$ cat entry.cif   # mmCIF, C-alpha atoms
data_final
loop_
_atom_site.label_atom_id
_atom_site.label_comp_id
_atom_site.auth_asym_id
_atom_site.auth_seq_id
_atom_site.Cartn_x
_atom_site.Cartn_y
_atom_site.Cartn_z
CA MET M 1 0.00 0.00 0.00
CA ASP M 2 1.21 3.51 -0.85
CA LEU M 3 2.50 5.57 2.03
CA ALA M 4 0.04 8.00 3.61
CA THR M 5 0.41 10.89 6.02
CA TYR M 6 -1.79 13.04 8.26
CA HIS M 7 -2.21 16.82 8.55
CA ASP M 8 -3.30 18.40 11.86
CA PRO M 9 -5.70 21.27 11.09
CA CYS M 10 -5.00 24.33 13.25
CA ASN M 11 -8.54 24.53 14.58
CA TYR M 12 -8.82 20.91 15.73
CA GLY M 13 -5.33 20.92 17.17
CA ARG M 14 -3.35 23.90 18.30
CA LYS M 15 -6.30 26.27 18.55
CA ALA M 16 -8.63 23.79 20.23
CA GLU M 17 -5.88 23.13 22.76
CA LYS M 18 -5.64 26.85 23.45
CA TRP M 19 -9.35 27.67 23.55
CA PHE M 20 -10.79 24.55 25.11
CA GLY M 21 -7.77 22.98 26.78
CA TYR M 22 -7.87 19.94 24.50
CA GLY M 23 -6.45 19.44 21.04
CA TYR M 24 -7.60 16.49 18.95
CA PHE M 25 -4.24 14.92 18.19
CA ASN M 26 -4.59 11.31 19.31
CA GLU M 27 -8.06 10.49 18.00
CA PRO M 28 -7.29 10.94 14.30
CA ARG M 29 -4.05 9.00 14.71
CA TRP M 30 -5.96 6.12 16.28
CA ILE M 31 -8.30 6.15 13.29
CA MET M 32 -5.32 6.25 10.91
CA ASP M 33 -3.88 3.20 12.70
CA GLN M 34 -7.13 1.30 12.25
CA CYS M 35 -7.44 2.11 8.55
CA LEU M 36 -3.88 2.15 7.24
CA GLU M 37 -0.93 -0.15 7.55
CA ASN M 38 1.54 2.30 6.19
CA TRP M 39 1.46 5.90 7.32
CA VAL M 40 3.87 8.39 8.84
CA ASP M 41 3.52 11.71 10.62
CA LEU M 42 4.55 14.98 9.06
CA HIS M 43 7.28 16.86 10.81
CA PRO M 44 6.68 19.04 12.74
CA ASN M 45 3.22 17.94 13.83
CA ARG M 46 0.54 18.28 16.53
CA LEU M 47 0.99 21.57 18.43
CA HIS M 48 3.88 22.50 16.19
CA GLN M 49 2.30 21.69 12.86
CA THR M 50 2.44 24.16 9.98
CA CYS M 51 -0.78 25.69 8.67
CA CYS M 52 -1.71 24.76 5.10
CA GLY M 53 -2.59 28.37 4.30
CA GLY M 54 -6.29 27.77 3.61
CA GLY M 55 -7.68 28.74 7.01
CA GLY M 56 -9.13 31.95 8.37
CA GLY M 57 -11.24 32.52 5.29
CA THR M 58 -8.23 32.93 3.00
CA LEU M 59 -9.86 30.69 0.38
CA THR M 60 -12.50 33.40 -0.07
CA THR M 61 -10.58 36.69 0.12
CA GLY M 62 -9.23 36.65 -3.42
CA TYR M 63 -5.62 37.02 -2.26
CA ASN M 64 -4.75 33.85 -4.08
CA ASP M 65 -1.06 34.38 -4.83
CA GLU M 66 -0.42 34.97 -1.14
CA ARG M 67 -2.44 31.91 -0.17
CA ILE M 68 -0.59 29.68 -2.61
CA PHE M 69 2.76 30.98 -1.39
CA TYR M 70 1.65 30.40 2.19
CA GLY M 71 1.18 26.70 1.46
CA ARG M 72 4.76 26.07 0.34
CA ARG M 73 5.98 24.83 3.74
CA LYS M 74 3.08 22.42 4.06
CA MET M 75 3.78 21.01 0.62
CA ASP M 76 7.48 20.68 1.46
CA GLN M 77 6.56 18.75 4.60
CA ILE M 78 4.34 16.38 2.66
CA ARG M 79 6.92 15.90 -0.08
CA ALA M 80 9.57 15.06 2.49
CA THR M 81 7.57 12.06 3.71
CA GLY M 82 7.22 10.61 0.23
CA ALA M 83 3.52 10.01 0.96
CA ARG M 84 1.12 9.60 -1.95
CA MET M 85 -1.99 10.19 0.13
CA LEU M 86 -2.78 12.94 2.64
CA ILE M 87 -5.53 12.49 5.21
CA LEU M 88 -7.09 15.45 7.01
CA PRO M 89 -10.34 16.28 8.80
CA CYS M 90 -10.94 19.88 7.68
CA HIS M 91 -12.90 21.35 4.77
CA SER M 92 -10.61 24.37 4.43
CA CYS M 93 -7.38 22.35 4.47
CA HIS M 94 -8.90 19.91 1.96
CA GLY M 95 -9.84 22.75 -0.39
CA GLN M 96 -6.51 24.50 -0.04
CA ILE M 97 -4.21 21.53 -0.60
CA ASN M 98 -6.19 20.29 -3.58
CA ALA M 99 -6.11 23.80 -5.01
CA ILE M 100 -2.36 24.33 -4.66
CA LYS M 101 -0.91 20.86 -5.27
CA LYS M 102 -0.54 21.47 -9.01
CA THR M 103 1.55 24.60 -8.39
CA TYR M 104 3.91 22.51 -6.29
CA GLU M 105 4.03 19.73 -8.89
CA MET M 106 2.26 17.29 -6.62
CA ASP M 107 -0.77 16.69 -8.84
CA ASP M 108 -0.80 13.01 -7.96
CA LEU M 109 -1.21 13.57 -4.24
CA VAL M 110 -4.52 12.05 -3.14
CA VAL M 111 -6.23 14.22 -0.52
CA LYS M 112 -8.91 12.56 1.60
CA TYR M 113 -11.08 13.58 4.49
CA LEU M 114 -10.55 11.48 7.60
CA TRP M 115 -14.17 10.35 7.42
CA GLU M 116 -13.71 9.53 3.74
CA LEU M 117 -10.87 7.21 4.70
CA VAL M 118 -13.15 5.50 7.22
CA ALA M 119 -15.97 5.17 4.67
CA ASP M 120 -13.51 3.72 2.12
CA CYS M 121 -12.58 0.99 4.59
CA LEU M 122 -16.16 -0.16 5.11
CA ILE M 123 -17.22 -3.35 3.41
CA PHE M 124 -20.95 -3.55 2.76
CA MET C 1 1.66 51.76 4.88
CA ALA C 2 2.11 55.41 5.76
CA GLU C 3 5.55 56.10 7.11
CA ASN C 4 7.18 58.72 9.27
CA GLN C 5 3.89 59.85 10.77
CA PRO C 6 4.11 61.22 14.32
CA ILE C 7 2.46 59.07 16.96
CA HIS C 8 0.03 60.95 19.16
CA ILE C 9 0.22 59.51 22.64
CA GLU C 10 -3.24 60.78 23.57
CA ALA C 11 -4.74 58.77 20.72
CA LEU C 12 -3.42 55.45 22.03
CA ASN C 13 -6.19 53.01 22.80
CA PRO C 14 -4.53 50.09 24.53
CA ASP C 15 -7.68 48.01 24.93
CA CYS C 16 -8.79 48.35 21.33
CA CYS C 17 -7.81 44.97 20.08
CA ASN C 18 -7.61 42.35 22.76
CA GLN C 19 -9.39 40.36 25.36
CA TRP C 20 -7.06 41.57 28.10
CA LEU C 21 -5.95 45.15 28.38
CA TYR C 22 -2.56 46.29 27.22
CA GLN C 23 -1.53 42.81 26.12
CA GLN C 24 0.26 44.01 23.00
CA ASP C 25 2.40 46.15 25.32
CA ALA C 26 3.80 42.96 26.86
CA CYS C 27 5.66 42.26 23.59
CA LEU C 28 9.37 41.72 24.16
CA THR C 29 10.07 42.25 20.44
CA CYS C 30 11.87 38.90 20.41
CA ALA C 31 10.45 37.99 16.95
CA MET C 32 9.72 34.36 17.76
CA CYS C 33 6.32 35.02 16.15
CA ALA C 34 7.90 36.46 13.03
CA SER C 35 10.23 33.46 12.79
CA VAL C 36 7.48 30.84 12.80
CA CYS C 37 4.91 32.69 10.68
CA PRO C 38 4.53 30.97 7.28
CA VAL C 39 3.44 34.21 5.63
CA ALA C 40 5.97 36.59 7.21
CA GLY C 41 7.60 38.70 4.54
CA VAL C 42 4.59 38.86 2.25
CA ASP C 43 3.54 42.50 1.89
CA ASN C 44 6.22 43.24 4.50
CA TYR C 45 3.96 41.59 7.05
CA ASP C 46 5.10 39.87 10.17
CA PRO C 47 3.20 39.34 13.41
CA ARG C 48 5.66 41.26 15.56
CA LYS C 49 5.31 44.31 13.36
CA MET C 50 1.53 44.13 13.70
CA VAL C 51 1.70 43.79 17.50
CA ARG C 52 4.12 46.68 17.77
CA MET C 53 2.03 48.91 15.54
CA VAL C 54 -1.07 48.24 17.62
CA SER C 55 0.94 49.01 20.72
CA LEU C 56 2.03 52.30 19.19
CA GLY C 57 -1.51 53.31 18.29
CA MET C 58 -1.16 52.71 14.55
CA VAL C 59 -4.32 50.62 14.49
CA ASP C 60 -5.92 52.35 11.50
CA GLN C 61 -2.93 51.61 9.33
CA VAL C 62 -3.06 47.93 10.25
CA VAL C 63 -6.80 47.85 9.64
CA GLN C 64 -6.31 49.32 6.17
CA SER C 65 -3.53 46.87 5.30
CA ARG C 66 -3.96 43.41 3.79
CA TRP C 67 -2.04 41.86 6.67
CA PRO C 68 -4.93 40.56 8.79
CA TRP C 69 -6.43 38.94 5.68
CA ILE C 70 -3.35 37.13 4.39
CA CYS C 71 -2.83 35.74 7.90
CA THR C 72 -4.84 32.55 8.48
CA MET C 73 -4.96 33.02 12.27
CA CYS C 74 -3.24 29.63 12.54
CA GLY C 75 -1.97 30.48 16.01
CA LYS C 76 1.62 29.42 15.47
CA CYS C 77 2.80 32.94 16.42
CA GLU C 78 0.99 33.02 19.73
CA GLN C 79 2.04 29.48 20.53
CA SER C 80 5.65 30.61 20.28
CA CYS C 81 5.12 33.91 22.14
CA PRO C 82 6.93 33.86 25.51
CA MET C 83 4.56 36.55 26.81
CA GLY C 84 1.36 34.77 25.88
CA ILE C 85 0.03 37.52 23.65
CA ASP C 86 -3.06 36.32 21.79
CA ILE C 87 -1.78 37.38 18.40
CA SER C 88 -4.33 35.61 16.22
CA ASP C 89 -7.07 37.02 18.41
CA LEU C 90 -5.58 40.44 17.77
CA THR C 91 -5.68 39.74 14.04
CA ARG C 92 -9.33 38.78 14.26
CA LYS C 93 -10.18 41.93 16.19
CA ILE C 94 -8.40 44.03 13.59
CA ARG C 95 -10.40 42.29 10.88
CA SER C 96 -13.58 43.27 12.71
CA LEU C 97 -12.58 46.94 12.48
CA ARG C 98 -12.90 46.84 8.68
CA GLU C 99 -16.20 48.08 7.34
CA GLY C 100 -18.18 45.23 5.76
CA LYS C 101 -18.03 46.67 2.26
CA HIS C 102 -14.25 46.81 2.45
CA VAL C 103 -13.82 43.22 3.60
CA PRO C 104 -12.04 41.38 0.77
CA GLY C 105 -13.72 38.72 -1.33
CA ILE C 106 -17.06 37.12 -0.56
CA LEU C 107 -16.89 36.93 3.25
CA SER C 108 -19.26 39.79 4.01
CA LYS C 109 -21.68 38.79 1.28
CA GLY C 110 -21.75 35.16 2.40
CA LEU C 111 -22.20 36.11 6.03
CA ALA C 112 -25.04 38.52 5.20
CA ALA C 113 -26.71 35.77 3.17
CA ALA C 114 -26.33 33.33 6.07
CA LEU C 115 -27.85 35.75 8.56
CA GLU C 116 -30.73 36.50 6.23
CA THR C 117 -31.50 33.06 4.81
CA GLY C 118 -29.82 30.56 7.11
CA ASN C 119 -27.03 29.58 4.71
CA ASN C 120 -24.18 31.27 2.85
CA LEU C 121 -25.62 30.40 -0.57
CA SER C 122 -29.16 31.69 0.02
CA LEU C 123 -30.15 28.21 -1.12
CA PRO C 124 -33.93 27.83 -0.85
CA LYS C 125 -35.20 25.07 1.41
CA GLU C 126 -36.84 23.08 -1.39
CA ASP C 127 -33.61 23.11 -3.44
CA PHE C 128 -31.63 21.97 -0.40
CA ILE C 129 -33.99 19.07 0.21
CA PHE C 130 -33.96 18.17 -3.50
CA ILE C 131 -30.15 17.99 -3.52
CA LEU C 132 -30.01 15.86 -0.36
CA GLU C 133 -32.60 13.44 -1.71
CA ASP C 134 -30.93 13.29 -5.10
CA VAL C 135 -27.54 12.44 -3.61
CA GLY C 136 -29.28 10.05 -1.20
CA ASP C 137 -30.76 8.21 -4.19
CA GLU C 138 -27.27 7.80 -5.63
CA VAL C 139 -26.01 6.35 -2.37
CA ALA C 140 -28.96 3.95 -2.29
CA GLU C 141 -27.77 2.53 -5.62
CA GLU C 142 -24.46 1.44 -4.11
CA PRO C 143 -24.05 -2.24 -3.17
CA GLY C 144 -25.03 -2.80 0.44
CA LEU C 145 -26.69 0.59 0.76
CA GLU C 146 -30.03 -0.35 -0.74
CA GLY C 147 -32.90 1.44 0.94
CA PHE C 148 -30.73 4.31 2.14
CA THR C 149 -32.63 7.56 2.65
CA VAL C 150 -31.60 10.91 4.13
CA PRO C 151 -33.53 11.57 7.35
CA ILE C 152 -34.57 15.24 7.29
CA ASP C 153 -35.98 16.96 10.40
CA LYS C 154 -36.28 13.63 12.23
CA LYS C 155 -37.51 14.41 15.71
CA GLY C 156 -35.78 12.57 18.52
CA ALA C 157 -32.85 11.34 16.39
CA ARG C 158 -29.61 10.70 18.27
CA ILE C 159 -27.38 12.98 16.19
CA LEU C 160 -28.01 16.25 14.39
CA THR C 161 -25.41 17.00 11.73
CA THR C 162 -24.74 20.35 10.08
CA ILE C 163 -23.77 20.74 6.41
CA HIS C 164 -20.93 22.72 4.85
CA ASN C 165 -22.48 24.80 2.06
CA LYS C 166 -19.97 23.55 -0.52
CA LEU C 167 -21.35 20.03 -0.06
CA VAL C 168 -24.71 21.12 -1.47
CA ASN C 169 -23.08 23.26 -4.10
CA THR C 170 -19.95 22.13 -5.92
CA HIS C 171 -18.93 19.10 -3.82
CA THR C 172 -22.01 16.92 -3.43
CA GLU C 173 -19.88 13.75 -3.68
CA ASP C 174 -18.38 14.70 -0.33
CA LEU C 175 -21.75 14.24 1.38
CA LYS C 176 -21.53 10.51 0.82
CA PRO C 177 -18.76 9.27 3.14
CA TRP C 178 -20.57 10.36 6.30
CA TRP C 179 -23.78 8.83 5.06
CA ARG C 180 -22.09 5.51 4.33
CA ILE C 181 -20.64 5.52 7.84
CA PHE C 182 -24.02 6.33 9.41
CA HIS C 183 -25.61 3.53 7.44
CA ALA C 184 -22.93 0.99 8.37
CA ALA C 185 -23.12 2.01 12.03
CA GLY C 186 -26.91 1.91 12.10
CA GLU C 187 -26.77 5.46 13.39
CA ASP C 188 -29.95 7.40 14.16
CA TRP C 189 -29.17 10.78 12.63
CA THR C 190 -30.79 13.71 10.89
CA ILE C 191 -30.27 16.99 9.03
CA ALA C 192 -32.35 20.11 9.70
CA SER C 193 -34.03 21.60 6.63
CA ASP C 194 -33.63 25.15 7.97
CA ASN C 195 -30.45 26.74 9.32
CA TRP C 196 -28.36 23.72 8.35
CA GLU C 197 -25.26 25.82 7.57
CA GLY C 198 -22.20 24.54 9.40
CA THR C 199 -19.78 27.30 8.49
CA THR C 200 -19.75 30.55 10.44
CA TRP C 201 -18.02 33.29 8.52
CA GLY C 202 -18.38 35.65 11.46
CA TYR C 203 -15.35 33.75 12.73
CA PHE C 204 -13.38 35.07 9.76
CA THR C 205 -14.71 38.64 9.81
CA GLY C 206 -14.38 39.00 13.58
CA ASP C 207 -18.14 39.31 14.05
CA ASP C 208 -18.95 37.71 17.41
CA GLU C 209 -22.62 38.64 17.25
CA ALA C 210 -23.02 36.85 13.93
CA MET C 211 -21.31 33.78 15.37
CA LYS C 212 -23.75 33.78 18.27
CA VAL C 213 -26.69 33.96 15.88
CA MET C 214 -25.39 31.06 13.78
CA ALA C 215 -24.55 28.88 16.77
CA GLY C 216 -27.86 29.80 18.42
CA ARG C 217 -29.78 28.58 15.40
CA ILE C 218 -28.09 25.20 15.58
CA VAL C 219 -28.95 24.97 19.27
CA GLU C 220 -32.53 25.93 18.40
CA ASN C 221 -32.64 23.11 15.84
CA MET C 222 -31.48 20.69 18.51
CA ARG C 223 -34.22 21.89 20.86
CA ARG C 224 -36.89 21.78 18.19
CA LEU C 225 -35.92 18.28 17.10
CA GLU C 226 -35.20 17.11 20.66
CA ILE C 227 -31.65 16.02 19.89
CA ASP C 228 -28.83 16.16 22.40
CA THR C 229 -25.79 15.27 20.26
CA LEU C 230 -24.37 17.49 17.55
CA LEU C 231 -21.98 16.52 14.75
CA TRP C 232 -20.50 19.79 13.51
CA PRO C 233 -17.64 18.86 11.18
CA GLU C 234 -17.16 22.42 9.92
#
$ encode --input "entry.cif" --output "structure tokens"
Amino acid sequence: MDLATYHDPCNYGRKAEKWFGYGYFNEPRWIMDQCLENWVDLHPNRLHQTCCGGGGGTLTTGYNDERIFYGRRKMDQIRATGARMLILPCHSCHGQINAIKKTYEMDDLVVKYLWELVADCLIF
Amino acid sequence: MAENQPIHIEALNPDCCNQWLYQQDACLTCAMCASVCPVAGVDNYDPRKMVRMVSLGMVDQVVQSRWPWICTMCGKCEQSCPMGIDISDLTRKIRSLREGKHVPGILSKGLAAALETGNNLSLPKEDFIFILEDVGDEVAEEPGLEGFTVPIDKKGARILTTIHNKLVNTHTEDLKPWWRIFHAAGEDWTIASDNWEGTTWGYFTGDDEAMKVMAGRIVENMRRLEIDTLLWPE
């Protein structure tokens, strides 16, 4: 199976930890473990993860060049793992990474919602 | 950015932009925030510069700049701040000081639509229901999912779930994974036909009152449908 990796969205992780005293770091990783045999973390991750650049409404402001540039570190992180599939649980991150992957010559990167990964593993 | 303007001490308003007074004045100018910010350097922005300008009373100039809008409020700056300054909160407050018509892009328009109609798209209720049922029919054609239907306004269901507007607009395929999971789990769930919007653009424009309205409507749906668990993936 191709290697996969996981992206911590700011709002479920670092910001949830700050606002509510609890960041959702372990739960998605448990789900990843159940669904995938072959996945690695990005580095840095969890509290120290790098934002994808699609949050805070930036997908809607029209400042697209800035948003695409913002995402370069995230794409570098993903590239460094060699992963072919990126799992994440956020609509904004999903939209952003799919929108910028061509610019960073990562057209083949498969981007999936965490719940999409779960649904894909179900056998009816 | 206007330069070389004198700073008028009497015009300083230290509690303009934060939840606790004078917090920007706690800045040590260490630049940890500027070092970790993924968008530092764009438009000459960096978080330290913004904090310092607010501290020096140059709020209007920051409000008029693009800075608070190219920042995603990711919180990496404040996480690294040794003084605990809520920098992304500051950004959000500065965003709120922009007049609606000068907010970039579609944020103000979408938020106004949501407040008026219950969703960012102004999608009429009958169209919303049509889309859900149409996608539900497609799911019901999948092997093992025969008989699947979308429960709308089901009173007493266990879970109420909100919907991201893009899922009933350009990304209807992305409705399906949750529904497959619900079906496999035998979950008792529902979607409200009014005020189903899961996004809250008041978060992006710094409009707390709008956020309260949007969240309040979801709570009202839970009361009306007698549901005590909310799935709010947005």
$ closest_residue --input "entry.cif" --among "M:Gln77, M:Asn98, M:Thr61, M:Asn11" --to "chain C" --atoms "only C-alpha atoms"
M:Thr61
$ closest_atom_pairs --input "entry.cif" --of "chain M" --to "chain C" --cutoff "8 Å" --atoms "only C-alpha atoms" --output "CSV"
residue,atom,partner,partner_atom,distance
M:Cys10,CA,C:Cys74,CA,5.6
M:Asn11,CA,C:Cys74,CA,7.6
M:Arg14,CA,C:Gly75,CA,7.1
M:Lys15,CA,C:Gly75,CA,6.6
M:His48,CA,C:Lys76,CA,7.3
M:Thr50,CA,C:Pro38,CA,7.6
M:Cys51,CA,C:Cys74,CA,6.0
M:Gly53,CA,C:Thr72,CA,6.3
M:Gly54,CA,C:Thr72,CA,7.0
M:Gly55,CA,C:Thr72,CA,5.0
M:Gly56,CA,C:Thr72,CA,4.3
M:Gly57,CA,C:Phe204,CA,5.6
M:Thr58,CA,C:Thr72,CA,6.5
M:Thr60,CA,C:Gly105,CA,5.6
M:Thr61,CA,C:Gly105,CA,4.0
M:Gly62,CA,C:Gly105,CA,5.4
M:Tyr63,CA,C:Ile70,CA,7.0
M:Glu66,CA,C:Ile70,CA,6.6
M:Arg67,CA,C:Ile70,CA,7.0
M:Phe69,CA,C:Val39,CA,7.8
M:Tyr70,CA,C:Val39,CA,5.4
M:Gly71,CA,C:Pro38,CA,8.0
M:Arg73,CA,C:Pro38,CA,7.2
M:Cys90,CA,C:Glu234,CA,7.1
M:His91,CA,C:Glu234,CA,6.8
M:Trp115,CA,C:Pro177,CA,6.4
M:Glu116,CA,C:Pro177,CA,5.1
M:Val118,CA,C:Ile181,CA,7.5
M:Ala119,CA,C:Pro177,CA,5.2
M:Asp120,CA,C:Pro177,CA,7.7
M:Leu122,CA,C:Ala184,CA,7.6
M:Phe124,CA,C:Gly144,CA,4.8
$ residues_around --input "entry.cif" --residues "M:His43" --least-positions-apart "5" --cutoff "12 Å" --atoms "only C-alpha atoms" --output "PDB file with C-alpha atoms, in the coordinates of the input"
ATOM      1  CA  THR M   5       0.410  10.890   6.020  1.00  0.00           C
ATOM      2  CA  TYR M   6      -1.790  13.040   8.260  1.00  0.00           C
ATOM      3  CA  HIS M   7      -2.210  16.820   8.550  1.00  0.00           C
ATOM      4  CA  ASP M   8      -3.300  18.400  11.860  1.00  0.00           C
ATOM      5  CA  HIS M  48       3.880  22.500  16.190  1.00  0.00           C
ATOM      6  CA  GLN M  49       2.300  21.690  12.860  1.00  0.00           C
ATOM      7  CA  THR M  50       2.440  24.160   9.980  1.00  0.00           C
ATOM      8  CA  ARG M  73       5.980  24.830   3.740  1.00  0.00           C
ATOM      9  CA  LYS M  74       3.080  22.420   4.060  1.00  0.00           C
ATOM     10  CA  MET M  75       3.780  21.010   0.620  1.00  0.00           C
ATOM     11  CA  ASP M  76       7.480  20.680   1.460  1.00  0.00           C
ATOM     12  CA  GLN M  77       6.560  18.750   4.600  1.00  0.00           C
ATOM     13  CA  ILE M  78       4.340  16.380   2.660  1.00  0.00           C
ATOM     14  CA  ARG M  79       6.920  15.900  -0.080  1.00  0.00           C
ATOM     15  CA  ALA M  80       9.570  15.060   2.490  1.00  0.00           C
ATOM     16  CA  THR M  81       7.570  12.060   3.710  1.00  0.00           C
TER      17      THR M  81
END
$ resolve_selection --input "entry.cif" --expression "the PyMOL selection byres ((chain M and resi 35) around 10)" --output "list of chain:residue names"
M:Arg29, M:Trp30, M:Ile31, M:Met32, M:Asp33, M:Gln34, M:Leu36, M:Glu37, M:Asn38, M:Trp39, M:Leu114, M:Leu117, M:Val118, M:Ala119, M:Asp120, M:Cys121, M:Leu122
$ atom_distance --input "entry.cif" --atom1 "atom CA of C:Glu99" --atom2 "atom CA of C:Met211"
17.2 Å
$ atom_distance --input "entry.cif" --atom1 "atom CA of C:Gln23" --atom2 "atom CA of C:Lys101"
29.3 Å
$ atom_distance --input "entry.cif" --atom1 "atom CA of C:Ala215" --atom2 "atom CA of C:Asn120"
14.1 Å
$ residues_around --input "entry.cif" --residues "M:Asp108" --least-positions-apart "5" --cutoff "12 Å" --atoms "all atoms listed in the file" --output "number ranges by chain"
M: 79, 82-86, 97-98, 100-103
$ closest_residue --input "entry.cif" --among "M:His94, M:Lys112, M:Arg72, M:Arg46" --to "M:Glu27" --atoms "all atoms listed in the file"
M:Arg46
$ residues_around --input "entry.cif" --residues "C:Leu230" --least-positions-apart "5" --cutoff "6 Å" --atoms "all atoms listed in the file" --output "PyMOL selection string"
chain C and resi 159-161
$ residues_near_point --input "entry.cif" --point "(-24.0, 24.3, -3.0)" --cutoff "12 Å" --atoms "only C-alpha atoms" --output "JSON, numbers by chain"
{"C": [119, 120, 121, 122, 123, 124, 127, 128, 129, 130, 131, 132, 163, 164, 165, 166, 167, 168, 169, 170, 171, 172, 173, 174, 175, 197]}
$ closest_residue --input "entry.cif" --among "M:Cys52, M:Val111, M:Val40, M:Leu47" --to "M:Gly13" --atoms "all atoms listed in the file"
M:Leu47
$ residues_around --input "entry.cif" --residues "C:Gly206" --least-positions-apart "6" --cutoff "10 Å" --atoms "all atoms listed in the file" --output "number ranges by chain"
C: 89-98
$ decode --input "entry.cif" --residues "stretch 21-67 of chain M" --atoms "C-alpha atoms" --output "tab-separated table (two decimals), in the first residue's frame"
chain	number	residue	atom	x	y	z
M	21	GLY	CA	-7.77	22.98	26.78
M	22	TYR	CA	-7.87	19.94	24.50
M	23	GLY	CA	-6.45	19.44	21.04
M	24	TYR	CA	-7.60	16.49	18.95
M	25	PHE	CA	-4.24	14.92	18.19
M	26	ASN	CA	-4.59	11.31	19.31
M	27	GLU	CA	-8.06	10.49	18.00
M	28	PRO	CA	-7.29	10.94	14.30
M	29	ARG	CA	-4.05	9.00	14.71
M	30	TRP	CA	-5.96	6.12	16.28
M	31	ILE	CA	-8.30	6.15	13.29
M	32	MET	CA	-5.32	6.25	10.91
M	33	ASP	CA	-3.88	3.20	12.70
M	34	GLN	CA	-7.13	1.30	12.25
M	35	CYS	CA	-7.44	2.11	8.55
M	36	LEU	CA	-3.88	2.15	7.24
M	37	GLU	CA	-0.93	-0.15	7.55
M	38	ASN	CA	1.54	2.30	6.19
M	39	TRP	CA	1.46	5.90	7.32
M	40	VAL	CA	3.87	8.39	8.84
M	41	ASP	CA	3.52	11.71	10.62
M	42	LEU	CA	4.55	14.98	9.06
M	43	HIS	CA	7.28	16.86	10.81
M	44	PRO	CA	6.68	19.04	12.74
M	45	ASN	CA	3.22	17.94	13.83
M	46	ARG	CA	0.54	18.28	16.53
M	47	LEU	CA	0.99	21.57	18.43
M	48	HIS	CA	3.88	22.50	16.19
M	49	GLN	CA	2.30	21.69	12.86
M	50	THR	CA	2.44	24.16	9.98
M	51	CYS	CA	-0.78	25.69	8.67
M	52	CYS	CA	-1.71	24.76	5.10
M	53	GLY	CA	-2.59	28.37	4.30
M	54	GLY	CA	-6.29	27.77	3.61
M	55	GLY	CA	-7.68	28.74	7.01
M	56	GLY	CA	-9.13	31.95	8.37
M	57	GLY	CA	-11.24	32.52	5.29
M	58	THR	CA	-8.23	32.93	3.00
M	59	LEU	CA	-9.86	30.69	0.38
M	60	THR	CA	-12.50	33.40	-0.07
M	61	THR	CA	-10.58	36.69	0.12
M	62	GLY	CA	-9.23	36.65	-3.42
M	63	TYR	CA	-5.62	37.02	-2.26
M	64	ASN	CA	-4.75	33.85	-4.08
M	65	ASP	CA	-1.06	34.38	-4.83
M	66	GLU	CA	-0.42	34.97	-1.14
M	67	ARG	CA	-2.44	31.91	-0.17
